>>> print(open('run-v8.cif').read())   # mmCIF, C-alpha atoms
data_entry
loop_
_atom_site.group_PDB
_atom_site.id
_atom_site.type_symbol
_atom_site.label_atom_id
_atom_site.label_comp_id
_atom_site.auth_asym_id
_atom_site.auth_seq_id
_atom_site.Cartn_x
_atom_site.Cartn_y
_atom_site.Cartn_z
ATOM 1 C CA MET A 1 -24.251 -61.823 -31.308
ATOM 2 C CA GLY A 2 -21.839 -62.117 -28.400
ATOM 3 C CA PRO A 3 -19.315 -64.784 -27.483
ATOM 4 C CA SER A 4 -20.695 -68.232 -26.752
ATOM 5 C CA LYS A 5 -17.536 -70.165 -25.927
ATOM 6 C CA LEU A 6 -14.617 -69.144 -23.748
ATOM 7 C CA GLN A 7 -11.375 -70.952 -22.985
ATOM 8 C CA ILE A 8 -9.393 -69.565 -20.045
ATOM 9 C CA GLN A 9 -5.710 -70.463 -19.701
ATOM 10 C CA LEU A 10 -3.928 -69.611 -16.456
ATOM 11 C CA ASP A 11 -0.430 -70.353 -15.202
ATOM 12 C CA SER A 12 -1.651 -70.574 -11.591
ATOM 13 C CA GLN A 13 -2.807 -74.080 -10.720
ATOM 14 C CA ALA A 14 -4.387 -72.821 -7.491
ATOM 15 C CA LEU A 15 -6.489 -70.259 -9.344
ATOM 16 C CA VAL A 16 -7.574 -72.858 -11.896
ATOM 17 C CA LEU A 17 -8.797 -75.124 -9.090
ATOM 18 C CA THR A 18 -10.570 -72.207 -7.417
ATOM 19 C CA LEU A 19 -12.447 -71.255 -10.581
ATOM 20 C CA LYS A 20 -13.411 -74.900 -10.979
ATOM 21 C CA ASN A 21 -14.760 -74.884 -7.402
ATOM 22 C CA ALA A 22 -12.231 -77.550 -6.466
ATOM 23 C CA ASN A 23 -10.209 -75.422 -4.081
ATOM 24 C CA PRO A 24 -11.365 -72.597 -1.745
ATOM 25 C CA TYR A 25 -9.332 -69.385 -1.984
ATOM 26 C CA VAL A 26 -8.870 -67.134 1.051
ATOM 27 C CA GLY A 27 -6.109 -64.771 -0.122
ATOM 28 C CA GLU A 28 -6.200 -61.007 -0.640
ATOM 29 C CA ALA A 29 -7.734 -61.371 -4.108
ATOM 30 C CA VAL A 30 -10.717 -63.330 -2.813
ATOM 31 C CA HIS A 31 -13.265 -60.652 -3.765
ATOM 32 C CA SER A 32 -11.877 -60.228 -7.290
ATOM 33 C CA ILE A 33 -11.875 -63.974 -7.857
ATOM 34 C CA ALA A 34 -15.396 -64.289 -6.484
ATOM 35 C CA ARG A 35 -16.537 -61.592 -8.909
ATOM 36 C CA CYS A 36 -14.896 -63.405 -11.842
ATOM 37 C CA LYS A 37 -16.635 -66.633 -10.872
ATOM 38 C CA LYS A 38 -19.967 -64.843 -10.568
ATOM 39 C CA ILE A 39 -19.614 -63.257 -14.014
ATOM 40 C CA LEU A 40 -18.798 -66.618 -15.577
ATOM 41 C CA GLU A 41 -21.657 -68.380 -13.835
ATOM 42 C CA GLU A 42 -24.192 -65.721 -14.857
ATOM 43 C CA THR A 43 -23.397 -65.912 -18.559
ATOM 44 C CA ASN A 44 -24.707 -68.398 -21.074
ATOM 45 C CA TRP A 45 -21.173 -69.091 -22.245
ATOM 46 C CA GLN A 46 -19.664 -72.518 -22.444
ATOM 47 C CA PHE A 47 -16.355 -72.011 -20.686
ATOM 48 C CA GLU A 48 -13.364 -74.134 -19.785
ATOM 49 C CA VAL A 49 -10.513 -73.316 -17.414
ATOM 50 C CA HIS A 50 -7.114 -74.898 -18.044
ATOM 51 C CA HIS A 51 -3.696 -74.735 -16.460
ATOM 52 C CA ILE A 52 -0.751 -73.895 -18.723
ATOM 53 C CA TYR A 53 2.917 -73.541 -17.900
ATOM 54 C CA ARG A 54 4.364 -70.082 -17.528
ATOM 55 C CA GLU A 55 6.484 -70.592 -20.662
ATOM 56 C CA ALA A 56 3.338 -70.699 -22.794
ATOM 57 C CA ASN A 57 1.905 -67.681 -21.004
ATOM 58 C CA ARG A 58 5.114 -65.754 -21.693
ATOM 59 C CA ALA A 59 4.569 -66.244 -25.407
ATOM 60 C CA ALA A 60 1.040 -64.877 -25.125
ATOM 61 C CA ASP A 61 2.322 -61.915 -23.100
ATOM 62 C CA LEU A 62 4.910 -61.033 -25.737
ATOM 63 C CA LEU A 63 2.333 -61.208 -28.511
ATOM 64 C CA ALA A 64 -0.057 -59.017 -26.529
ATOM 65 C CA ASN A 65 2.703 -56.426 -26.133
ATOM 66 C CA GLN A 66 3.255 -56.501 -29.876
ATOM 67 C CA GLY A 67 -0.434 -55.862 -30.443
ATOM 68 C CA VAL A 68 -0.244 -52.713 -28.334
ATOM 69 C CA SER A 69 2.814 -51.498 -30.269
ATOM 70 C CA GLN A 70 0.881 -51.932 -33.529
ATOM 71 C CA ASN A 71 -1.673 -49.386 -32.323
ATOM 72 C CA ASN A 72 1.149 -46.928 -31.654
ATOM 73 C CA ASN A 73 2.518 -47.601 -35.152
ATOM 74 C CA ILE A 74 -0.824 -46.645 -36.673
ATOM 75 C CA GLU A 75 -0.857 -43.357 -34.770
ATOM 76 C CA ALA A 76 2.663 -42.581 -36.021
ATOM 77 C CA ILE A 77 1.649 -43.333 -39.617
ATOM 78 C CA LYS A 78 -1.388 -41.053 -39.341
ATOM 79 C CA GLU A 79 0.849 -38.148 -38.332
ATOM 80 C CA VAL A 80 2.896 -38.429 -41.546
ATOM 81 C CA VAL A 81 0.409 -39.897 -44.018
ATOM 82 C CA LYS A 82 -2.804 -38.012 -43.476
ATOM 83 C CA GLY A 83 -4.812 -41.133 -43.501
ATOM 84 C CA PHE A 84 -6.915 -43.432 -45.579
ATOM 85 C CA PRO A 85 -9.646 -45.824 -44.412
ATOM 86 C CA ARG A 86 -8.425 -48.962 -42.720
ATOM 87 C CA PRO A 87 -9.094 -51.912 -45.017
ATOM 88 C CA THR A 88 -11.334 -54.794 -44.048
ATOM 89 C CA LEU A 89 -9.262 -57.592 -42.526
ATOM 90 C CA ASN A 90 -10.101 -61.277 -42.409
ATOM 91 C CA LEU A 91 -8.316 -62.835 -39.433
ATOM 92 C CA SER A 92 -10.764 -65.697 -39.042
ATOM 93 C CA SER A 93 -9.767 -69.258 -38.250
ATOM 94 C CA ALA A 94 -11.053 -70.266 -41.677
ATOM 95 C CA GLN A 95 -8.710 -67.830 -43.432
ATOM 96 C CA PHE A 96 -5.634 -69.030 -41.558
ATOM 97 C CA SER A 97 -6.691 -72.614 -42.223
ATOM 98 C CA GLU A 98 -6.931 -71.860 -45.939
ATOM 99 C CA VAL A 99 -3.399 -70.443 -45.978
ATOM 100 C CA VAL A 100 -2.005 -73.449 -44.110
ATOM 101 C CA ASN A 101 -3.776 -75.827 -46.496
ATOM 102 C CA SER A 102 -2.181 -73.979 -49.413
ATOM 103 C CA ALA A 103 1.224 -74.254 -47.761
ATOM 104 C CA PHE A 104 0.885 -78.032 -47.378
ATOM 105 C CA GLU A 105 -0.909 -78.411 -50.721
ATOM 106 C CA HIS A 106 -3.699 -80.427 -49.128
ATOM 107 C CA PRO A 107 -6.310 -79.857 -46.410
ATOM 108 C CA LEU A 108 -5.243 -80.571 -42.848
ATOM 109 C CA PHE A 109 -7.723 -82.374 -40.636
ATOM 110 C CA PRO A 110 -8.969 -81.054 -38.381
ATOM 111 C CA PRO A 111 -8.604 -77.595 -39.925
ATOM 112 C CA PHE A 112 -5.765 -75.525 -38.505
ATOM 113 C CA ASP A 113 -7.073 -73.189 -35.797
ATOM 114 C CA PRO A 114 -4.748 -70.273 -34.940
ATOM 115 C CA TYR A 115 -6.618 -69.611 -31.710
ATOM 116 C CA ARG A 116 -6.457 -73.136 -30.339
ATOM 117 C CA ASN A 117 -3.234 -72.742 -28.343
ATOM 118 C CA SER A 118 -0.048 -70.686 -28.024
ATOM 119 C CA ILE A 119 1.908 -72.666 -30.623
ATOM 120 C CA ASN A 120 -0.793 -72.242 -33.243
ATOM 121 C CA TYR A 121 -1.034 -68.546 -32.406
ATOM 122 C CA LEU A 122 2.720 -68.122 -32.831
ATOM 123 C CA LEU A 123 2.584 -69.886 -36.195
ATOM 124 C CA ALA A 124 -0.267 -67.626 -37.293
ATOM 125 C CA SER A 125 1.753 -64.607 -36.131
ATOM 126 C CA TYR A 126 4.706 -65.892 -38.159
ATOM 127 C CA LEU A 127 2.662 -65.440 -41.316
ATOM 128 C CA ILE A 128 2.316 -61.671 -41.562
ATOM 129 C CA PRO A 129 4.966 -59.510 -39.764
ATOM 130 C CA TYR A 130 7.857 -60.730 -41.907
ATOM 131 C CA VAL A 131 5.985 -59.768 -45.075
ATOM 132 C CA GLY A 132 5.676 -56.222 -43.746
ATOM 133 C CA LEU A 133 9.348 -56.228 -42.777
ATOM 134 C CA THR A 134 10.510 -57.103 -46.295
ATOM 135 C CA GLY A 135 8.058 -54.559 -47.674
ATOM 136 C CA TYR A 136 9.677 -51.823 -45.579
ATOM 137 C CA VAL A 137 13.154 -52.881 -46.734
ATOM 138 C CA GLY A 138 12.011 -52.613 -50.340
ATOM 139 C CA THR A 139 10.181 -49.322 -49.820
ATOM 140 C CA ILE A 140 12.772 -47.160 -48.049
ATOM 141 C CA PRO A 141 15.092 -46.654 -51.084
ATOM 142 C CA LYS A 142 12.131 -45.422 -53.136
ATOM 143 C CA LEU A 143 10.924 -42.783 -50.666
ATOM 144 C CA LEU A 144 11.731 -39.173 -51.536
ATOM 145 C CA SER A 145 10.699 -37.464 -48.309
ATOM 146 C CA VAL A 146 13.094 -37.476 -45.351
ATOM 147 C CA GLU A 147 10.100 -37.551 -43.032
ATOM 148 C CA SER A 148 8.705 -40.639 -44.766
ATOM 149 C CA ARG A 149 12.078 -42.393 -44.677
ATOM 150 C CA LYS A 150 12.362 -41.675 -40.965
ATOM 151 C CA LEU A 151 8.884 -43.103 -40.353
ATOM 152 C CA VAL A 152 9.424 -46.302 -42.346
ATOM 153 C CA ALA A 153 12.896 -46.834 -40.858
ATOM 154 C CA GLY A 154 11.342 -46.638 -37.396
ATOM 155 C CA LEU A 155 8.581 -49.053 -38.378
ATOM 156 C CA LEU A 156 11.174 -51.422 -39.831
ATOM 157 C CA ALA A 157 13.138 -51.438 -36.568
ATOM 158 C CA VAL A 158 10.077 -52.426 -34.543
ATOM 159 C CA LYS A 159 8.848 -54.945 -37.121
ATOM 160 C CA SER A 160 12.278 -56.592 -37.173
ATOM 161 C CA GLY A 161 12.193 -56.972 -33.412
ATOM 162 C CA GLN A 162 8.713 -58.471 -33.514
ATOM 163 C CA ASP A 163 9.715 -60.964 -36.172
ATOM 164 C CA ALA A 164 12.854 -61.945 -34.247
ATOM 165 C CA VAL A 165 10.828 -62.603 -31.086
ATOM 166 C CA ILE A 166 8.306 -64.761 -32.942
ATOM 167 C CA ARG A 167 11.008 -66.719 -34.763
ATOM 168 C CA SER A 168 12.997 -67.199 -31.537
ATOM 169 C CA LEU A 169 9.991 -68.628 -29.722
ATOM 170 C CA LEU A 170 9.248 -70.954 -32.622
ATOM 171 C CA TYR A 171 12.898 -71.986 -32.921
ATOM 172 C CA GLN A 172 12.897 -73.054 -29.270
ATOM 173 C CA ARG A 173 9.980 -75.340 -30.130
ATOM 174 C CA ARG A 174 11.121 -76.349 -33.611
ATOM 175 C CA LEU A 175 10.982 -80.116 -32.971
ATOM 176 C CA GLN A 176 7.682 -79.962 -31.108
ATOM 177 C CA ARG A 177 4.715 -81.418 -32.944
ATOM 178 C CA VAL A 178 1.809 -79.141 -33.721
ATOM 179 C CA VAL A 179 -1.220 -80.804 -32.133
ATOM 180 C CA PRO A 180 -3.022 -82.819 -33.459
ATOM 181 C CA TYR A 181 -0.854 -83.194 -36.572
ATOM 182 C CA LYS A 182 2.299 -85.254 -36.951
ATOM 183 C CA ILE A 183 4.079 -82.160 -38.222
ATOM 184 C CA THR A 184 6.794 -80.239 -36.395
ATOM 185 C CA VAL A 185 6.892 -76.499 -35.835
ATOM 186 C CA GLN A 186 10.004 -76.423 -38.019
ATOM 187 C CA GLU A 187 8.166 -77.991 -40.952
ATOM 188 C CA PHE A 188 5.263 -75.566 -40.546
ATOM 189 C CA THR A 189 7.572 -72.549 -40.833
ATOM 190 C CA ASN A 190 9.374 -74.011 -43.829
ATOM 191 C CA ARG A 191 6.087 -74.641 -45.621
ATOM 192 C CA LEU A 192 4.723 -71.180 -44.855
ATOM 193 C CA SER A 193 7.928 -69.528 -46.057
ATOM 194 C CA LYS A 194 7.885 -71.527 -49.289
ATOM 195 C CA LEU A 195 4.299 -70.435 -49.875
ATOM 196 C CA ARG A 196 5.207 -66.770 -49.388
ATOM 197 C CA ASN A 197 8.095 -67.185 -51.821
ATOM 198 C CA LYS A 198 5.795 -68.801 -54.358
ATOM 199 C CA LEU A 199 3.118 -66.115 -54.075
ATOM 200 C CA GLY A 200 5.522 -63.182 -53.893
ATOM 201 C CA SER A 201 7.354 -63.407 -57.194
ATOM 202 C CA ASP A 202 9.643 -65.484 -59.370
ATOM 203 C CA LEU A 203 12.699 -63.392 -58.491
ATOM 204 C CA GLY A 204 14.191 -65.989 -56.174
ATOM 205 C CA SER A 205 14.065 -66.602 -52.451
ATOM 206 C CA ARG A 206 12.903 -63.811 -50.162
ATOM 207 C CA ASP A 207 11.838 -66.088 -47.362
ATOM 208 C CA GLU A 208 13.225 -68.889 -45.199
ATOM 209 C CA GLY A 209 11.965 -71.018 -42.335
ATOM 210 C CA ILE A 210 13.556 -71.230 -38.895
ATOM 211 C CA PHE A 211 15.841 -74.130 -39.878
ATOM 212 C CA VAL A 212 17.597 -74.414 -43.245
ATOM 213 C CA ASP A 213 20.227 -76.476 -45.026
ATOM 214 C CA GLN A 214 23.689 -75.439 -43.878
ATOM 215 C CA LYS A 215 24.582 -74.114 -47.334
ATOM 216 C CA ASP A 216 21.692 -71.643 -47.019
ATOM 217 C CA GLY A 217 22.581 -70.534 -43.483
ATOM 218 C CA ALA A 218 24.706 -67.531 -42.509
ATOM 219 C CA GLU A 219 28.148 -67.855 -44.171
ATOM 220 C CA GLY A 220 27.162 -71.406 -45.123
ATOM 221 C CA LYS A 221 28.010 -72.512 -41.584
ATOM 222 C CA ILE A 222 24.800 -72.769 -39.562
ATOM 223 C CA LYS A 223 21.360 -74.301 -39.899
ATOM 224 C CA GLY A 224 19.517 -72.273 -37.274
ATOM 225 C CA ASN A 225 17.775 -69.382 -38.966
ATOM 226 C CA ILE A 226 16.255 -66.962 -36.485
ATOM 227 C CA LEU A 227 17.448 -63.889 -38.397
ATOM 228 C CA VAL A 228 16.672 -64.172 -42.099
ATOM 229 C CA GLY A 229 19.072 -62.568 -44.551
ATOM 230 C CA ASP A 230 20.600 -62.837 -48.004
ATOM 231 C CA GLU A 231 24.136 -64.031 -48.774
ATOM 232 C CA ASN A 232 25.437 -60.887 -47.054
ATOM 233 C CA SER A 233 23.065 -61.317 -44.086
ATOM 234 C CA LEU A 234 21.075 -58.275 -45.192
ATOM 235 C CA GLY A 235 17.295 -58.163 -45.069
ATOM 236 C CA TYR A 236 15.421 -59.237 -48.179
ATOM 237 C CA PRO A 237 13.406 -56.528 -49.981
ATOM 238 C CA ARG A 238 9.927 -56.932 -51.410
ATOM 239 C CA SER A 239 8.055 -54.569 -53.703
ATOM 240 C CA PRO A 240 4.483 -53.413 -52.996
ATOM 241 C CA ILE A 241 3.272 -55.808 -55.700
ATOM 242 C CA GLU A 242 4.979 -58.751 -53.999
ATOM 243 C CA VAL A 243 3.447 -57.818 -50.648
ATOM 244 C CA LEU A 244 -0.037 -57.605 -52.185
ATOM 245 C CA ASN A 245 0.494 -60.938 -53.953
ATOM 246 C CA ILE A 246 1.133 -62.582 -50.588
ATOM 247 C CA VAL A 247 -1.475 -60.957 -48.349
ATOM 248 C CA TYR A 248 -4.174 -61.503 -50.994
ATOM 249 C CA GLY A 249 -3.120 -65.142 -51.234
ATOM 250 C CA SER A 250 -3.616 -64.994 -54.988
ATOM 251 C CA GLY A 251 -0.190 -64.098 -56.351
ATOM 252 C CA ASP A 252 -1.907 -61.271 -58.233
ATOM 253 C CA PRO A 253 -2.328 -57.651 -57.013
ATOM 254 C CA LYS A 254 -5.509 -57.409 -59.088
ATOM 255 C CA LYS A 255 -7.146 -60.400 -57.418
ATOM 256 C CA VAL A 256 -8.139 -59.473 -53.874
ATOM 257 C CA GLY A 257 -8.817 -61.965 -51.118
ATOM 258 C CA GLY A 258 -6.926 -63.662 -48.344
ATOM 259 C CA PHE A 259 -6.418 -61.393 -45.366
ATOM 260 C CA PHE A 260 -7.825 -58.426 -47.359
ATOM 261 C CA PRO A 261 -11.151 -59.655 -48.781
ATOM 262 C CA LYS A 262 -12.003 -56.206 -50.193
ATOM 263 C CA GLY A 263 -8.448 -55.287 -51.111
ATOM 264 C CA ALA A 264 -5.922 -53.044 -49.398
ATOM 265 C CA ASP A 265 -6.341 -49.264 -49.299
ATOM 266 C CA GLY A 266 -3.853 -46.636 -50.368
ATOM 267 C CA TYR A 267 -2.842 -45.353 -53.789
ATOM 268 C CA ILE A 268 -0.625 -48.270 -54.870
ATOM 269 C CA ALA A 269 -3.040 -51.032 -53.881
ATOM 270 C CA GLN A 270 -6.051 -49.231 -55.328
ATOM 271 C CA SER A 271 -4.240 -48.550 -58.611
ATOM 272 C CA TYR A 272 -4.458 -52.265 -59.412
ATOM 273 C CA LEU A 273 -8.205 -52.492 -58.787
#
>>> encode(input="run-v8.cif", output="structure tokens")
Amino acid sequence: MGPSKLQIQLDSQALVLTLKNANPYVGEAVHSIARCKKILEETNWQFEVHHIYREANRAADLLANQGVSQNNNIEAIKEVVKGFPRPTLNLSSAQFSEVVNSAFEHPLFPPFDPYRNSINYLLASYLIPYVGLTGYVGTIPKLLSVESRKLVAGLLAVKSGQDAVIRSLLYQRRLQRVVPYKITVQEFTNRLSKLRNKLGSDLGSRDEGIFVDQKDGAEGKIKGNILVGDENSLGYPRSPIEVLNIVYGSGDPKKVGGFFPKGADGYIAQSYL
């Protein structure tokens, strides 16, 4: 089974018109564009070509760069931890929709689709990196090996940067409504953070959206909340159990599901199964 539907988003209006056969192109890339058109026309795919503004494309570019860095992270981990099988991941639209429904405590209609547009994709990306970040903060003090501490500290630095980029992009759009719902980006992040708090543990807040009450902001003075921290503006820690509770979506490290339908691998995760 291959792809059957394709949505192409480009920040060049001229190229969009060319691919739609509405505008002839005679520039230096004419042969490349002609080949792209030929490939599209020879497939059985249902495809659409849309123009988007460069701002939206920038968000996609940043997220793509983060995806590449994740591959490098895995290689670094394999050099220190001699490896265990990668767990099965469920990154389907249905899974993200289920999480969002849990966050709002009722089904959204139509179901939330993380791959529909850049805003939805950013919100979906908001879900996971921060959980890993807090997991690293909680893990480092418990590591005995200098080599392991060095590895996790390096991973934490990159994960923190990724989370800051995602939160910054969402903060810029905090009052924008998430199509087709009458719900702002700000409300989405608040709901998702509350869900992670609820699933994680009963030890108090470890999570905050991109906009908070002033009393909960840094030094009790600001409402904008791009960088999440405790009363001392230090990163929140989470234990391995808390991380599993969240990524399984069950609040129980013994009950697999969510993004890890067969459970996570590694000694700690497997010890609960």
>>> closest_residue(input="run-v8.cif", among="A:Arg167, A:Arg238, A:His31, A:His106", to="Val137 of chain A", atoms="all atoms listed in the file")
A:Arg238
>>> atom_distance(input="run-v8.cif", atom1="atom CA of Gly257 of chain A", atom2="atom CA of Asn245 of chain A")
9.8 Å
>>> resolve_selection(input="run-v8.cif", expression="the PyMOL selection byres ((chain A and resi 154) around 12)", output="number ranges by chain")
A: 72-73, 76-77, 133, 136-137, 140, 147-153, 155-161
>>> residues_around(input="run-v8.cif", residues="Val212 of chain A", least_positions_apart="2", cutoff="8 Å", atoms="all atoms listed in the file", output="number ranges by chain")
A: 208-210, 214, 216-217, 223-225
>>> write_last_selection(input="run-v8.cif", atoms="C-alpha atoms", output="PDB file, in the coordinates of the input")
ATOM      1  CA  GLU A 208      13.225 -68.889 -45.199  1.00  0.00           C
ATOM      2  CA  GLY A 209      11.965 -71.018 -42.335  1.00  0.00           C
ATOM      3  CA  ILE A 210      13.556 -71.230 -38.895  1.00  0.00           C
ATOM      4  CA  GLN A 214      23.689 -75.439 -43.878  1.00  0.00           C
ATOM      5  CA  ASP A 216      21.692 -71.643 -47.019  1.00  0.00           C
ATOM      6  CA  GLY A 217      22.581 -70.534 -43.483  1.00  0.00           C
ATOM      7  CA  LYS A 223      21.360 -74.301 -39.899  1.00  0.00           C
ATOM      8  CA  GLY A 224      19.517 -72.273 -37.274  1.00  0.00           C
ATOM      9  CA  ASN A 225      17.775 -69.382 -38.966  1.00  0.00           C
TER      10      ASN A 225
END
>>> residues_around(input="run-v8.cif", residues="Ile128 of chain A", least_positions_apart="3", cutoff="10 Å", atoms="all atoms listed in the file", output="PyMOL selection string")
chain A and resi 123-125+131-133+163+196+243+246-247+259
>>> atom_distance(input="run-v8.cif", atom1="atom CA of Thr139 of chain A", atom2="atom CA of Leu89 of chain A")
22.4 Å
>>> closest_residue(input="run-v8.cif", among="A:Pro110, A:Gly263, A:Gly200, A:Pro85", to="Thr134 of chain A", atoms="only C-alpha atoms")
A:Gly200
>>> resolve_selection(input="run-v8.cif", expression="the PyMOL selection byres ((chain A and resi 46-48) around 8)", output="list in words")
Ser4, Lys5, Leu6, Gln7, Ile8, Leu40, Asn44, Trp45, Val49 and His50 of chain A
>>> residues_around(input="run-v8.cif", residues="Asn21 of chain A", least_positions_apart="4", cutoff="12 Å", atoms="only C-alpha atoms", output="list in words")
Ala14, Leu15, Val16, Leu17, Tyr25, Ile33, Ala34, Lys37, Lys38, Glu41 and Val49 of chain A
>>> axis_aligned_box(input="run-v8.cif", around="segment 228-240 of chain A", padding_each_side="8 Å", output="AutoDock Vina command-line options")
--center_x 15.0 --center_y -58.8 --center_z -47.9 --size_x 37.0 --size_y 26.8 --size_z 27.6
>>> atom_distance(input="run-v8.cif", atom1="atom CA of Leu175 of chain A", atom2="atom CA of Asp11 of chain A")
23.3 Å
>>> closest_residue(input="run-v8.cif", among="A:Val178, A:Ser145, A:Val99, A:Arg173", to="Arg116 of chain A", atoms="all atoms listed in the file")
A:Val178
>>> residues_around(input="run-v8.cif", residues="Gln172 of chain A", least_positions_apart="3", cutoff="12 Å", atoms="only C-alpha atoms", output="number ranges by chain")
A: 55-56, 59, 119, 122, 165-169, 175-176, 184-186, 210-211, 224-226
>>> resolve_selection(input="run-v8.cif", expression="the PyMOL selection byres ((chain A and resi 229) around 10)", output="ChimeraX atom specification")
/A:206-208,216-218,225-228,230-237
>>> closest_residue(input="run-v8.cif", among="A:Leu170, A:Ala103, A:Leu19, A:Ser92", to="Gly249 of chain A", atoms="all atoms listed in the file")
A:Ala103
>>> decode(input="run-v8.cif", residues="segment 72-101 of chain A", atoms="C-alpha atoms", output="PDB file, in the first residue's frame")
ATOM      1  CA  ASN A  72      21.882  12.156  15.511  1.00  0.00           C
ATOM      2  CA  ASN A  73      20.695  11.818  19.122  1.00  0.00           C
ATOM      3  CA  ILE A  74      19.932   8.145  18.555  1.00  0.00           C
ATOM      4  CA  GLU A  75      23.419   7.536  17.175  1.00  0.00           C
ATOM      5  CA  ALA A  76      24.943   9.231  20.236  1.00  0.00           C
ATOM      6  CA  ILE A  77      22.836   7.090  22.582  1.00  0.00           C
ATOM      7  CA  LYS A  78      23.900   3.904  20.790  1.00  0.00           C
ATOM      8  CA  GLU A  79      27.556   4.748  21.399  1.00  0.00           C
ATOM      9  CA  VAL A  80      27.039   4.877  25.182  1.00  0.00           C
ATOM     10  CA  VAL A  81      24.129   2.492  25.729  1.00  0.00           C
ATOM     11  CA  LYS A  82      24.861  -0.520  23.593  1.00  0.00           C
ATOM     12  CA  GLY A  83      21.388  -0.622  22.288  1.00  0.00           C
ATOM     13  CA  PHE A  84      17.992  -2.152  22.673  1.00  0.00           C
ATOM     14  CA  PRO A  85      15.279  -2.560  20.025  1.00  0.00           C
ATOM     15  CA  ARG A  86      13.424   0.593  19.120  1.00  0.00           C
ATOM     16  CA  PRO A  87       9.876   0.332  20.451  1.00  0.00           C
ATOM     17  CA  THR A  88       6.837   0.422  18.211  1.00  0.00           C
ATOM     18  CA  LEU A  89       5.525   3.978  17.946  1.00  0.00           C
ATOM     19  CA  ASN A  90       1.998   5.078  17.145  1.00  0.00           C
ATOM     20  CA  LEU A  91       2.129   8.550  15.598  1.00  0.00           C
ATOM     21  CA  SER A  92      -1.139   8.198  13.718  1.00  0.00           C
ATOM     22  CA  SER A  93      -3.719  10.944  13.402  1.00  0.00           C
ATOM     23  CA  ALA A  94      -6.096   8.796  15.441  1.00  0.00           C
ATOM     24  CA  GLN A  95      -3.656   8.611  18.359  1.00  0.00           C
ATOM     25  CA  PHE A  96      -3.095  12.365  18.469  1.00  0.00           C
ATOM     26  CA  SER A  97      -6.846  12.881  18.197  1.00  0.00           C
ATOM     27  CA  GLU A  98      -7.383  10.580  21.173  1.00  0.00           C
ATOM     28  CA  VAL A  99      -4.919  12.572  23.281  1.00  0.00           C
ATOM     29  CA  VAL A 100      -6.545  15.880  22.336  1.00  0.00           C
ATOM     30  CA  ASN A 101      -9.990  14.488  23.157  1.00  0.00           C
TER      31      ASN A 101
END
